[in-house]
file structure35.json (JSON, C-alpha atoms)
[["chain", "number", "residue", "atom", "x", "y", "z"],
["O", 1, "MET", "CA", -5.03, -10.13, 0.86],
["O", 2, "LYS", "CA", -7.39, -7.49, -0.50],
["O", 3, "LYS", "CA", -6.90, -3.81, 0.25],
["O", 4, "VAL", "CA", -9.04, -3.20, 3.34],
["O", 5, "PHE", "CA", -7.91, -6.34, 5.15],
["O", 6, "ALA", "CA", -4.29, -5.72, 4.16],
["O", 7, "LEU", "CA", -4.51, -2.23, 5.64],
["O", 8, "LEU", "CA", -6.16, -3.53, 8.79],
["O", 9, "PHE", "CA", -3.53, -6.25, 9.16],
["O", 10, "ALA", "CA", -0.77, -3.67, 8.67],
["O", 11, "ALA", "CA", -2.30, -1.41, 11.31],
["O", 12, "LEU", "CA", -2.53, -4.24, 13.83],
["O", 13, "LEU", "CA", 1.03, -5.34, 13.03],
["O", 14, "THR", "CA", 2.26, -1.79, 13.60],
["O", 15, "ILE", "CA", 0.53, -1.68, 16.98],
["O", 16, "GLY", "CA", 2.27, -4.87, 18.06],
["O", 17, "LEU", "CA", 5.76, -4.19, 16.69],
["O", 18, "THR", "CA", 5.99, -0.57, 17.78],
["O", 19, "ALA", "CA", 5.00, -1.34, 21.34],
["O", 20, "CYS", "CA", 7.52, -4.17, 21.57],
["O", 21, "GLY", "CA", 10.35, -1.84, 20.73],
["O", 22, "THR", "CA", 9.45, 1.07, 23.01],
["O", 23, "SER", "CA", 9.28, 1.50, 26.73],
["O", 24, "GLY", "CA", 9.17, 4.23, 29.33],
["O", 25, "GLY", "CA", 6.54, 6.76, 30.31],
["O", 26, "SER", "CA", 5.66, 8.86, 33.28],
["O", 27, "ASN", "CA", 5.57, 6.10, 35.85],
["O", 28, "GLY", "CA", 7.97, 3.49, 34.47],
["O", 29, "GLY", "CA", 6.07, 0.66, 36.14],
["O", 30, "ASN", "CA", 7.37, 1.50, 39.62],
["O", 31, "GLY", "CA", 3.96, 1.65, 41.26],
["O", 32, "GLY", "CA", 2.67, 4.40, 43.53],
["O", 33, "THR", "CA", 1.60, 7.81, 42.31],
["O", 34, "PRO", "CA", 3.36, 9.13, 39.20],
["O", 35, "GLU", "CA", 4.39, 12.77, 38.88],
["O", 36, "LYS", "CA", 2.41, 13.16, 35.67],
["O", 37, "ILE", "CA", 0.02, 11.17, 33.51],
["O", 38, "ILE", "CA", -1.09, 11.69, 29.95],
["O", 39, "MET", "CA", -4.73, 11.20, 29.03],
["O", 40, "GLY", "CA", -5.21, 10.19, 25.38],
["O", 41, "PHE", "CA", -8.15, 10.86, 23.09],
["O", 42, "VAL", "CA", -9.01, 9.82, 19.54],
["O", 43, "PRO", "CA", -10.41, 12.12, 16.85],
["O", 44, "SER", "CA", -14.16, 11.54, 16.73],
["O", 45, "GLN", "CA", -14.25, 15.11, 15.46],
["O", 46, "ASP", "CA", -11.82, 17.96, 14.70],
["O", 47, "SER", "CA", -8.58, 17.33, 16.65],
["O", 48, "ASP", "CA", -7.91, 20.98, 17.51],
["O", 49, "LYS", "CA", -11.43, 21.38, 18.84],
["O", 50, "ILE", "CA", -11.07, 18.30, 21.06],
["O", 51, "ALA", "CA", -7.68, 19.50, 22.39],
["O", 52, "ASP", "CA", -9.16, 22.82, 23.49],
["O", 53, "THR", "CA", -12.29, 21.23, 24.93],
["O", 54, "VAL", "CA", -10.57, 18.56, 27.06],
["O", 55, "LYS", "CA", -8.03, 20.85, 28.74],
["O", 56, "PRO", "CA", -10.40, 21.77, 31.63],
["O", 57, "LEU", "CA", -11.13, 18.06, 32.10],
["O", 58, "ALA", "CA", -7.41, 17.25, 32.31],
["O", 59, "ASP", "CA", -6.86, 20.17, 34.71],
["O", 60, "LYS", "CA", -9.71, 19.05, 36.96],
["O", 61, "LEU", "CA", -8.53, 15.43, 37.00],
["O", 62, "GLY", "CA", -5.01, 16.62, 37.87],
["O", 63, "GLU", "CA", -6.36, 18.80, 40.66],
["O", 64, "GLU", "CA", -8.27, 15.88, 42.18],
["O", 65, "LEU", "CA", -5.37, 13.43, 41.81],
["O", 66, "GLY", "CA", -2.77, 15.92, 43.02],
["O", 67, "ILE", "CA", -0.55, 15.50, 39.94],
["O", 68, "GLU", "CA", -0.14, 17.02, 36.50],
["O", 69, "VAL", "CA", -2.49, 15.60, 33.86],
["O", 70, "GLU", "CA", -2.04, 16.39, 30.19],
["O", 71, "GLY", "CA", -4.73, 15.76, 27.59],
["O", 72, "LYS", "CA", -3.36, 14.61, 24.25],
["O", 73, "VAL", "CA", -5.29, 14.04, 21.02],
["O", 74, "MET", "CA", -3.81, 11.23, 18.95],
["O", 75, "THR", "CA", -3.89, 11.00, 15.17],
["O", 76, "SER", "CA", -5.88, 7.76, 15.11],
["O", 77, "TYR", "CA", -7.28, 4.89, 17.17],
["O", 78, "SER", "CA", -4.19, 2.83, 16.31],
["O", 79, "ALA", "CA", -1.88, 5.61, 17.49],
["O", 80, "LEU", "CA", -3.58, 5.69, 20.90],
["O", 81, "VAL", "CA", -3.30, 1.92, 21.31],
["O", 82, "GLU", "CA", 0.37, 2.16, 20.37],
["O", 83, "ALA", "CA", 0.98, 5.03, 22.80],
["O", 84, "MET", "CA", -0.60, 3.09, 25.65],
["O", 85, "GLY", "CA", 1.46, 0.03, 24.74],
["O", 86, "SER", "CA", 4.65, 2.07, 25.09],
["O", 87, "ASN", "CA", 3.36, 3.80, 28.27],
["O", 88, "GLN", "CA", 3.49, 7.20, 26.61],
["O", 89, "VAL", "CA", -0.22, 7.54, 27.45],
["O", 90, "GLN", "CA", -1.49, 6.12, 30.73],
["O", 91, "VAL", "CA", -5.24, 6.83, 30.55],
["O", 92, "GLY", "CA", -6.98, 6.31, 27.23],
["O", 93, "PHE", "CA", -10.46, 7.06, 25.96],
["O", 94, "LEU", "CA", -10.54, 3.96, 23.76],
["O", 95, "PRO", "CA", -13.43, 2.75, 21.61],
["O", 96, "ALA", "CA", -14.46, -0.86, 22.13],
["O", 97, "PHE", "CA", -12.32, -2.37, 19.37],
["O", 98, "GLY", "CA", -9.34, -0.22, 20.32],
["O", 99, "TYR", "CA", -9.71, -1.46, 23.89],
["O", 100, "VAL", "CA", -9.83, -5.12, 22.80],
["O", 101, "LEU", "CA", -6.62, -4.64, 20.80],
["O", 102, "ALA", "CA", -4.90, -2.77, 23.63],
["O", 103, "ASN", "CA", -5.94, -5.40, 26.15],
["O", 104, "GLU", "CA", -4.78, -8.26, 23.95],
["O", 105, "LYS", "CA", -1.44, -6.69, 23.04],
["O", 106, "HIS", "CA", -0.55, -4.67, 26.13],
["O", 107, "ASN", "CA", -2.77, -5.76, 29.06],
["O", 108, "VAL", "CA", -4.53, -2.40, 29.09],
["O", 109, "GLU", "CA", -7.45, -2.55, 31.56],
["O", 110, "VAL", "CA", -10.92, -1.06, 31.14],
["O", 111, "ILE", "CA", -12.20, 0.69, 34.27],
["O", 112, "LEU", "CA", -15.12, 2.79, 33.04],
["O", 113, "LYS", "CA", -17.27, 3.40, 30.00],
["O", 114, "SER", "CA", -19.73, 5.92, 28.67],
["O", 115, "GLU", "CA", -23.46, 6.03, 29.15],
["O", 116, "ARG", "CA", -25.62, 7.59, 26.46],
["O", 117, "TYR", "CA", -29.39, 7.93, 26.61],
["O", 118, "GLY", "CA", -29.38, 5.73, 29.71],
["O", 119, "SER", "CA", -27.57, 2.86, 27.98],
["O", 120, "GLY", "CA", -24.11, 1.33, 28.15],
["O", 121, "THR", "CA", -24.37, 0.11, 24.54],
["O", 122, "TYR", "CA", -25.00, 1.71, 21.16],
["O", 123, "LYS", "CA", -25.30, 0.82, 17.48],
["O", 124, "ALA", "CA", -23.35, 1.73, 14.38],
["O", 125, "GLN", "CA", -25.31, 3.38, 11.60],
["O", 126, "TYR", "CA", -25.15, 3.46, 7.81],
["O", 127, "VAL", "CA", -25.62, 7.01, 6.51],
["O", 128, "VAL", "CA", -26.33, 8.01, 2.90],
["O", 129, "ARG", "CA", -27.60, 11.08, 1.08],
["O", 130, "ALA", "CA", -31.38, 11.36, 1.29],
["O", 131, "ASP", "CA", -31.60, 11.72, -2.49],
["O", 132, "SER", "CA", -29.19, 8.85, -3.25],
["O", 133, "GLY", "CA", -31.76, 6.17, -3.94],
["O", 134, "ILE", "CA", -29.99, 3.95, -1.38],
["O", 135, "ASP", "CA", -32.60, 2.53, 0.98],
["O", 136, "SER", "CA", -30.90, -0.62, 2.32],
["O", 137, "ILE", "CA", -27.53, -2.28, 2.79],
["O", 138, "GLU", "CA", -28.19, -4.25, -0.40],
["O", 139, "ASP", "CA", -28.33, -0.96, -2.33],
["O", 140, "MET", "CA", -24.81, -0.09, -1.13],
["O", 141, "LYS", "CA", -23.13, -2.75, -3.25],
["O", 142, "ASP", "CA", -20.41, -1.32, -5.53],
["O", 143, "LYS", "CA", -20.66, 2.09, -3.83],
["O", 144, "THR", "CA", -17.92, 4.17, -2.18],
["O", 145, "TRP", "CA", -17.69, 3.60, 1.58],
["O", 146, "ALA", "CA", -16.34, 6.23, 4.02],
["O", 147, "ILE", "CA", -15.02, 4.93, 7.35],
["O", 148, "PRO", "CA", -13.48, 6.92, 10.23],
["O", 149, "ASP", "CA", -10.58, 4.51, 10.84],
["O", 150, "LEU", "CA", -9.77, 0.85, 10.26],
["O", 151, "THR", "CA", -9.75, 0.21, 14.01],
["O", 152, "SER", "CA", -13.04, 2.01, 14.64],
["O", 153, "THR", "CA", -15.59, -0.28, 16.26],
["O", 154, "SER", "CA", -18.71, 1.37, 14.86],
["O", 155, "GLY", "CA", -17.04, 2.90, 11.82],
["O", 156, "PHE", "CA", -15.50, -0.29, 10.47],
["O", 157, "LEU", "CA", -15.46, -3.47, 12.56],
["O", 158, "PHE", "CA", -19.16, -4.08, 13.23],
["O", 159, "PRO", "CA", -20.50, -2.90, 9.85],
["O", 160, "ALA", "CA", -17.88, -4.93, 7.97],
["O", 161, "ALA", "CA", -18.66, -8.03, 10.04],
["O", 162, "GLN", "CA", -22.38, -7.55, 9.44],
["O", 163, "ILE", "CA", -21.86, -7.31, 5.67],
["O", 164, "MET", "CA", -19.55, -10.35, 5.72],
["O", 165, "ASP", "CA", -22.29, -12.39, 7.40],
["O", 166, "LYS", "CA", -25.19, -11.01, 5.40],
["O", 167, "PHE", "CA", -23.64, -11.40, 1.95],
["O", 168, "GLU", "CA", -21.11, -14.19, 2.64],
["O", 169, "VAL", "CA", -18.13, -12.15, 1.46],
["O", 170, "LYS", "CA", -14.60, -12.34, 2.90],
["O", 171, "ASP", "CA", -13.45, -8.98, 1.59],
["O", 172, "VAL", "CA", -15.93, -6.19, 2.18],
["O", 173, "GLN", "CA", -14.26, -3.87, -0.30],
["O", 174, "SER", "CA", -13.74, -6.00, -3.39],
["O", 175, "GLY", "CA", -16.59, -8.35, -2.56],
["O", 176, "PHE", "CA", -19.12, -5.65, -1.73],
["O", 177, "PHE", "CA", -18.03, -2.00, -1.80],
["O", 178, "LYS", "CA", -16.21, -0.58, -4.81],
["O", 179, "THR", "CA", -13.90, 1.80, -2.92],
["O", 180, "THR", "CA", -13.11, 2.57, 0.71],
["O", 181, "VAL", "CA", -12.17, 6.05, 1.95],
["O", 182, "GLU", "CA", -10.51, 6.32, 5.36],
["O", 183, "ALA", "CA", -11.81, 9.72, 6.45],
["O", 184, "GLY", "CA", -9.93, 10.00, 9.75],
["O", 185, "SER", "CA", -12.87, 10.72, 12.06],
["O", 186, "HIS", "CA", -16.61, 10.15, 12.35],
["O", 187, "ASP", "CA", -17.51, 13.72, 11.45],
["O", 188, "SER", "CA", -15.20, 13.62, 8.42],
["O", 189, "ALA", "CA", -16.90, 10.42, 7.23],
["O", 190, "ILE", "CA", -20.27, 12.14, 7.53],
["O", 191, "ILE", "CA", -18.96, 15.17, 5.62],
["O", 192, "ALA", "CA", -17.58, 12.91, 2.87],
["O", 193, "VAL", "CA", -21.11, 11.67, 2.16],
["O", 194, "TYR", "CA", -22.64, 15.13, 2.54],
["O", 195, "GLU", "CA", -20.22, 16.57, -0.04],
["O", 196, "GLY", "CA", -20.58, 13.64, -2.44],
["O", 197, "ASP", "CA", -17.09, 12.18, -1.94],
["O", 198, "ALA", "CA", -18.59, 8.91, -0.70],
["O", 199, "ASP", "CA", -21.94, 7.15, -1.05],
["O", 200, "VAL", "CA", -22.21, 5.72, 2.45],
["O", 201, "ALA", "CA", -20.55, 6.32, 5.81],
["O", 202, "THR", "CA", -20.58, 4.07, 8.86],
["O", 203, "THR", "CA", -20.36, 5.88, 12.20],
["O", 204, "PHE", "CA", -21.67, 5.85, 15.73],
["O", 205, "ASP", "CA", -25.33, 6.77, 16.20],
["O", 206, "ASP", "CA", -26.02, 9.66, 15.49],
["O", 207, "ALA", "CA", -22.78, 11.23, 14.30],
["O", 208, "ARG", "CA", -24.66, 13.63, 12.05],
["O", 209, "THR", "CA", -25.17, 15.89, 15.06],
["O", 210, "THR", "CA", -21.40, 16.46, 15.36],
["O", 211, "VAL", "CA", -21.36, 18.48, 12.13],
["O", 212, "GLU", "CA", -24.74, 20.18, 12.50],
["O", 213, "GLU", "CA", -23.19, 23.52, 13.47],
["O", 214, "ASP", "CA", -21.27, 23.75, 10.18],
["O", 215, "TYR", "CA", -23.87, 21.87, 8.10],
["O", 216, "PRO", "CA", -27.27, 22.98, 9.50],
["O", 217, "ASP", "CA", -29.24, 20.91, 6.99],
["O", 218, "VAL", "CA", -27.29, 17.67, 7.56],
["O", 219, "MET", "CA", -30.24, 15.91, 9.20],
["O", 220, "GLU", "CA", -32.36, 16.56, 6.11],
["O", 221, "LYS", "CA", -29.64, 15.96, 3.52],
["O", 222, "LEU", "CA", -28.41, 12.67, 5.04],
["O", 223, "LYS", "CA", -30.50, 9.72, 6.20],
["O", 224, "VAL", "CA", -29.81, 6.59, 8.23],
["O", 225, "VAL", "CA", -30.85, 3.41, 6.40],
["O", 226, "ALA", "CA", -29.58, 0.62, 8.70],
["O", 227, "TYR", "CA", -27.94, -0.22, 12.01],
["O", 228, "THR", "CA", -25.67, -2.93, 13.38],
["O", 229, "ASP", "CA", -26.21, -5.02, 16.51],
["O", 230, "GLU", "CA", -25.52, -3.49, 19.92],
["O", 231, "ILE", "CA", -21.90, -2.50, 20.71],
["O", 232, "PRO", "CA", -20.53, -1.87, 24.23],
["O", 233, "ASN", "CA", -19.80, 1.82, 24.70],
["O", 234, "ASP", "CA", -16.36, 3.39, 24.50],
["O", 235, "THR", "CA", -14.06, 3.13, 27.47],
["O", 236, "ILE", "CA", -11.77, 4.84, 29.89],
["O", 237, "SER", "CA", -8.86, 2.41, 30.11],
["O", 238, "VAL", "CA", -5.50, 2.42, 31.89],
["O", 239, "THR", "CA", -2.07, 0.91, 31.33],
["O", 240, "GLU", "CA", -0.76, -1.96, 33.43],
["O", 241, "GLU", "CA", 2.12, 0.19, 34.71],
["O", 242, "LEU", "CA", -0.19, 2.16, 36.98],
["O", 243, "ASP", "CA", -0.48, 1.07, 40.60],
["O", 244, "ASP", "CA", -3.82, -0.56, 41.56],
["O", 245, "GLU", "CA", -4.47, 1.94, 44.33],
["O", 246, "PHE", "CA", -3.82, 4.85, 42.00],
["O", 247, "VAL", "CA", -6.08, 3.31, 39.33],
["O", 248, "GLN", "CA", -8.86, 3.11, 41.91],
["O", 249, "LYS", "CA", -8.35, 6.79, 42.66],
["O", 250, "ILE", "CA", -8.60, 7.61, 38.95],
["O", 251, "LYS", "CA", -11.80, 5.57, 38.73],
["O", 252, "GLU", "CA", -13.41, 7.25, 41.75],
["O", 253, "THR", "CA", -12.45, 10.70, 40.47],
["O", 254, "PHE", "CA", -14.02, 10.13, 37.07],
["O", 255, "LEU", "CA", -17.19, 8.76, 38.69],
["O", 256, "SER", "CA", -17.37, 11.87, 40.86],
["O", 257, "PHE", "CA", -17.55, 13.94, 37.67],
["O", 258, "ASN", "CA", -21.11, 12.66, 37.26],
["O", 259, "GLU", "CA", -22.01, 15.22, 39.93],
["O", 260, "ASP", "CA", -20.06, 18.00, 38.16],
["O", 261, "GLU", "CA", -22.13, 19.58, 35.39],
["O", 262, "GLU", "CA", -19.12, 21.26, 33.79],
["O", 263, "MET", "CA", -17.14, 18.01, 33.50],
["O", 264, "ILE", "CA", -20.07, 16.02, 32.11],
["O", 265, "GLN", "CA", -20.76, 18.80, 29.64],
["O", 266, "ILE", "CA", -17.16, 18.49, 28.44],
["O", 267, "MET", "CA", -17.60, 14.73, 28.00],
["O", 268, "ASN", "CA", -20.80, 15.38, 26.11],
["O", 269, "ASP", "CA", -19.15, 17.99, 23.88],
["O", 270, "VAL", "CA", -16.24, 15.68, 23.04],
["O", 271, "TYR", "CA", -17.85, 12.22, 22.78],
["O", 272, "SER", "CA", -21.57, 12.72, 23.53],
["O", 273, "TRP", "CA", -21.22, 11.02, 26.93],
["O", 274, "ASP", "CA", -24.18, 11.63, 29.25],
["O", 275, "ALA", "CA", -22.55, 9.90, 32.21],
["O", 276, "ILE", "CA", -19.57, 7.79, 33.26],
["O", 277, "ILE", "CA", -20.33, 4.27, 34.49],
["O", 278, "GLU", "CA", -18.35, 1.23, 35.62],
["O", 279, "ALA", "CA", -17.24, -1.38, 33.09],
["O", 280, "GLU", "CA", -15.81, -4.90, 33.06],
["O", 281, "ASP", "CA", -13.60, -6.61, 30.52],
["O", 282, "LYS", "CA", -16.13, -9.41, 29.84],
["O", 283, "GLU", "CA", -18.58, -6.87, 28.39],
["O", 284, "TYR", "CA", -16.23, -6.58, 25.39],
["O", 285, "ASP", "CA", -16.28, -10.30, 24.52],
["O", 286, "VAL", "CA", -18.82, -9.53, 21.78],
["O", 287, "VAL", "CA", -16.21, -7.27, 20.18],
["O", 288, "ARG", "CA", -13.57, -9.99, 20.48],
["O", 289, "SER", "CA", -15.83, -12.50, 18.73],
["O", 290, "THR", "CA", -16.51, -10.01, 15.95],
["O", 291, "TYR", "CA", -12.79, -9.35, 15.57],
["O", 292, "GLU", "CA", -12.24, -13.09, 15.20],
["O", 293, "LYS", "CA", -14.16, -12.97, 11.92],
["O", 294, "PHE", "CA", -11.34, -10.86, 10.52],
["O", 295, "GLN", "CA", -8.60, -12.99, 12.00],
["O", 296, "GLU", "CA", -10.17, -16.04, 10.38],
["O", 297, "SER", "CA", -10.18, -14.18, 7.05],
["O", 298, "ILE", "CA", -6.45, -13.43, 7.19],
["O", 299, "SER", "CA", -4.07, -16.04, 5.81],
["O", 300, "VAL", "CA", -0.48, -16.02, 4.62],
["O", 301, "ASP", "CA", -1.66, -16.60, 1.02],
["O", 302, "ASP", "CA", -3.67, -13.37, 1.20],
["O", 303, "LEU", "CA", -0.70, -11.12, 2.04]]

call {"tool": "encode", "arguments": {"input": "structure35.json", "output": "structure tokens"}}
result
Amino acid sequence: MKKVFALLFAALLTIGLTACGTSGGSNGGNGGTPEKIIMGFVPSQDSDKIADTVKPLADKLGEELGIEVEGKVMTSYSALVEAMGSNQVQVGFLPAFGYVLANEKHNVEVILKSERYGSGTYKAQYVVRADSGIDSIEDMKDKTWAIPDLTSTSGFLFPAAQIMDKFEVKDVQSGFFKTTVEAGSHDSAIIAVYEGDADVATTFDDARTTVEEDYPDVMEKLKVVAYTDEIPNDTISVTEELDDEFVQKIKETFLSFNEDEEMIQIMNDVYSWDAIIEAEDKEYDVVRSTYEKFQESISVDDL
């Protein structure tokens, strides 16, 4: 298998194998109210900044639930899926693809999702330097591609699937892009293009704003040249070990934060959430069908 798909396959394999060999967590699957839960986040931006920002959110959730809640920033999307599979994290802010993987492997359940600009869906964008001469996806052929993470819905899955369909290639890297850089977060992917380390980045719309404080001219220096189809927004998901009644309490508490300006501001600062709305598993079927394109591309002969 070519490099990108081999790395993706390895990441998915790690998620499955690690979870199978680990158990435990705050609740241990005994039902009822646990003494403590851990709320996991993924690095859409600088990890230290997220950790500091989400602490008041974790404290407020703990106050409302009557237990200790710890906010923990994971190193990657895959790491959060793995942590939820081993019940080391009980509440996860998972992107759509991460949720699909966690649901498939570990029966993680979506309970809520984000709302941005009045919508429960969004698009991935292709960002290039304004002076690059790249004006379409066709112009990106043989360029260097910066992605946040191999299990990022907007940063990898949907753009790669779109290119596979549009240009009839199985391997997006060797069949389309020249090189792929795994930047680690959406803002880092944007910065990679800004600083000339990559030609194009795929991120959520509009991730340029996340670096505007440090790069005031980013909106002028970088332009968006294309978008993917609609993607269901990122989730708040829970592990199967949590009691149904307690999950309902978590859900109601998060929904109550819509009336708390400080909490919504935190969600906006971290992930650009404008509100928290209810979600159902079936909304993520479009992500599952997109993921199937990659599964169909993986064969034993490729490895």

call {"tool": "closest_residue", "arguments": {"input": "structure35.json", "among": "O:Val128, O:Gly175, O:Ser86, O:Pro232", "to": "Asn107 (chain O)", "atoms": "all atoms listed in the file"}}
result
O:Ser86

call {"tool": "closest_residue", "arguments": {"input": "structure35.json", "among": "O:Lys105, O:Lys123, O:Lys166, O:His186", "to": "Thr203 (chain O)", "atoms": "only C-alpha atoms"}}
result
O:His186

call {"tool": "closest_residue", "arguments": {"input": "structure35.json", "among": "O:Ile137, O:Ala58, O:Val127, O:Leu222", "to": "Ala201 (chain O)", "atoms": "only C-alpha atoms"}}
result
O:Val127

call {"tool": "residues_around", "arguments": {"input": "structure35.json", "residues": "region 281-290 of chain O", "least_positions_apart": "4", "cutoff": "12 Å", "atoms": "all atoms listed in the file", "output": "MDAnalysis selection string"}}
result
chainID O and resid 95:104 107:113 120:121 151:154 156:165 228:237 294:297

call {"tool": "residues_around", "arguments": {"input": "structure35.json", "residues": "Ala183 (chain O)", "least_positions_apart": "3", "cutoff": "9 Å", "atoms": "all atoms listed in the file", "output": "list in words"}}
result
Ala146, Ile147, Pro148, Asp149, His186, Asp187, Ser188, Ala189, Ile190 and Ala192 of chain O

call {"tool": "write_last_selection", "arguments": {"input": "structure35.json", "atoms": "C-alpha atoms", "output": "PDB file, in the frame of the given file"}}
result
ATOM      1  CA  ALA O 146     -16.340   6.230   4.020  1.00  0.00           C
ATOM      2  CA  ILE O 147     -15.020   4.930   7.350  1.00  0.00           C
ATOM      3  CA  PRO O 148     -13.480   6.920  10.230  1.00  0.00           C
ATOM      4  CA  ASP O 149     -10.580   4.510  10.840  1.00  0.00           C
ATOM      5  CA  HIS O 186     -16.610  10.150  12.350  1.00  0.00           C
ATOM      6  CA  ASP O 187     -17.510  13.720  11.450  1.00  0.00           C
ATOM      7  CA  SER O 188     -15.200  13.620   8.420  1.00  0.00           C
ATOM      8  CA  ALA O 189     -16.900  10.420   7.230  1.00  0.00           C
ATOM      9  CA  ILE O 190     -20.270  12.140   7.530  1.00  0.00           C
ATOM     10  CA  ALA O 192     -17.580  12.910   2.870  1.00  0.00           C
TER      11      ALA O 192
END

call {"tool": "closest_residue", "arguments": {"input": "structure35.json", "among": "O:Lys178, O:Arg116, O:Arg129, O:Lys249", "to": "Asp217 (chain O)", "atoms": "all atoms listed in the file"}}
result
O:Arg129

call {"tool": "closest_residue", "arguments": {"input": "structure35.json", "among": "O:Ile250, O:Met84, O:Val270, O:Leu94", "to": "Gly62 (chain O)", "atoms": "only C-alpha atoms"}}
result
O:Ile250

call {"tool": "closest_residue", "arguments": {"input": "structure35.json", "among": "O:Tyr215, O:Thr180, O:Met140, O:Val238", "to": "Gln88 (chain O)", "atoms": "all atoms listed in the file"}}
result
O:Val238

call {"tool": "atom_distance", "arguments": {"input": "structure35.json", "atom1": "CA of Ile191 (chain O)", "atom2": "CA of Asp142 (chain O)"}}
result
20.0 Å

call {"tool": "atom_distance", "arguments": {"input": "structure35.json", "atom1": "CA of Glu280 (chain O)", "atom2": "CA of Ser114 (chain O)"}}
result
12.3 Å

call {"tool": "atom_distance", "arguments": {"input": "structure35.json", "atom1": "CA of Ser76 (chain O)", "atom2": "CA of Phe254 (chain O)"}}
result
23.5 Å

call {"tool": "residues_around", "arguments": {"input": "structure35.json", "residues": "Asp59 (chain O)", "least_positions_apart": "3", "cutoff": "8 Å", "atoms": "all atoms listed in the file", "output": "count of residues only"}}
result
7

call {"tool": "residues_around", "arguments": {"input": "structure35.json", "residues": "region 261-268 of chain O", "least_positions_apart": "4", "cutoff": "8 Å", "atoms": "all atoms listed in the file", "output": "MDAnalysis selection string"}}
result
chainID O and resid 53:54 56:57 257 272:275

call {"tool": "residues_around", "arguments": {"input": "structure35.json", "residues": "Glu245 (chain O)", "least_positions_apart": "4", "cutoff": "12 Å", "atoms": "all atoms listed in the file", "output": "list in words"}}
result
Gly31, Gly32, Thr33, Pro34, Leu65, Glu241, Lys249, Ile250, Lys251 and Glu252 of chain O

call {"tool": "write_last_selection", "arguments": {"input": "structure35.json", "atoms": "C-alpha atoms", "output": "PDB file, keeping the file's coordinate frame"}}
result
ATOM      1  CA  GLY O  31       3.960   1.650  41.260  1.00  0.00           C
ATOM      2  CA  GLY O  32       2.670   4.400  43.530  1.00  0.00           C
ATOM      3  CA  THR O  33       1.600   7.810  42.310  1.00  0.00           C
ATOM      4  CA  PRO O  34       3.360   9.130  39.200  1.00  0.00           C
ATOM      5  CA  LEU O  65      -5.370  13.430  41.810  1.00  0.00           C
ATOM      6  CA  GLU O 241       2.120   0.190  34.710  1.00  0.00           C
ATOM      7  CA  LYS O 249      -8.350   6.790  42.660  1.00  0.00           C
ATOM      8  CA  ILE O 250      -8.600   7.610  38.950  1.00  0.00           C
ATOM      9  CA  LYS O 251     -11.800   5.570  38.730  1.00  0.00           C
ATOM     10  CA  GLU O 252     -13.410   7.250  41.750  1.00  0.00           C
TER      11      GLU O 252
END

call {"tool": "decode", "arguments": {"input": "structure35.json", "residues": "region 197-208 of chain O", "atoms": "N, CA and C atoms", "output": "compact mmCIF listing (two decimals), in the first residue's frame"}}
result
# COMPACT_ATOMS: atom_id res chain seq x y z
N ASP O 197 6.02 25.78 3.77
CA ASP O 197 6.42 24.38 3.97
C ASP O 197 5.48 23.41 3.27
N ALA O 198 4.35 23.91 2.81
CA ALA O 198 3.40 23.09 2.04
C ALA O 198 2.71 24.01 1.04
N ASP O 199 2.18 23.42 -0.01
CA ASP O 199 1.49 24.19 -1.05
C ASP O 199 0.00 24.34 -0.78
N VAL O 200 -0.58 23.33 -0.15
CA VAL O 200 -2.02 23.34 0.10
C VAL O 200 -2.29 22.68 1.45
N ALA O 201 -3.28 23.21 2.16
CA ALA O 201 -3.73 22.60 3.41
C ALA O 201 -5.23 22.36 3.30
N THR O 202 -5.68 21.26 3.88
CA THR O 202 -7.11 21.01 3.97
C THR O 202 -7.50 21.07 5.44
N THR O 203 -8.53 21.87 5.74
CA THR O 203 -8.92 22.13 7.12
C THR O 203 -10.43 22.37 7.17
N PHE O 204 -10.92 22.58 8.39
CA PHE O 204 -12.32 23.01 8.50
C PHE O 204 -12.42 24.47 8.01
N ASP O 205 -13.61 24.89 7.73
CA ASP O 205 -13.89 26.23 7.22
C ASP O 205 -14.27 27.16 8.39
N ASP O 206 -13.61 28.26 8.64
CA ASP O 206 -12.41 28.78 8.02
C ASP O 206 -11.32 28.78 9.09
N ALA O 207 -10.43 27.81 9.01
CA ALA O 207 -9.39 27.64 10.02
C ALA O 207 -8.35 28.75 10.00
N ARG O 208 -8.35 29.56 8.97
CA ARG O 208 -7.40 30.68 8.94
C ARG O 208 -7.58 31.60 10.14
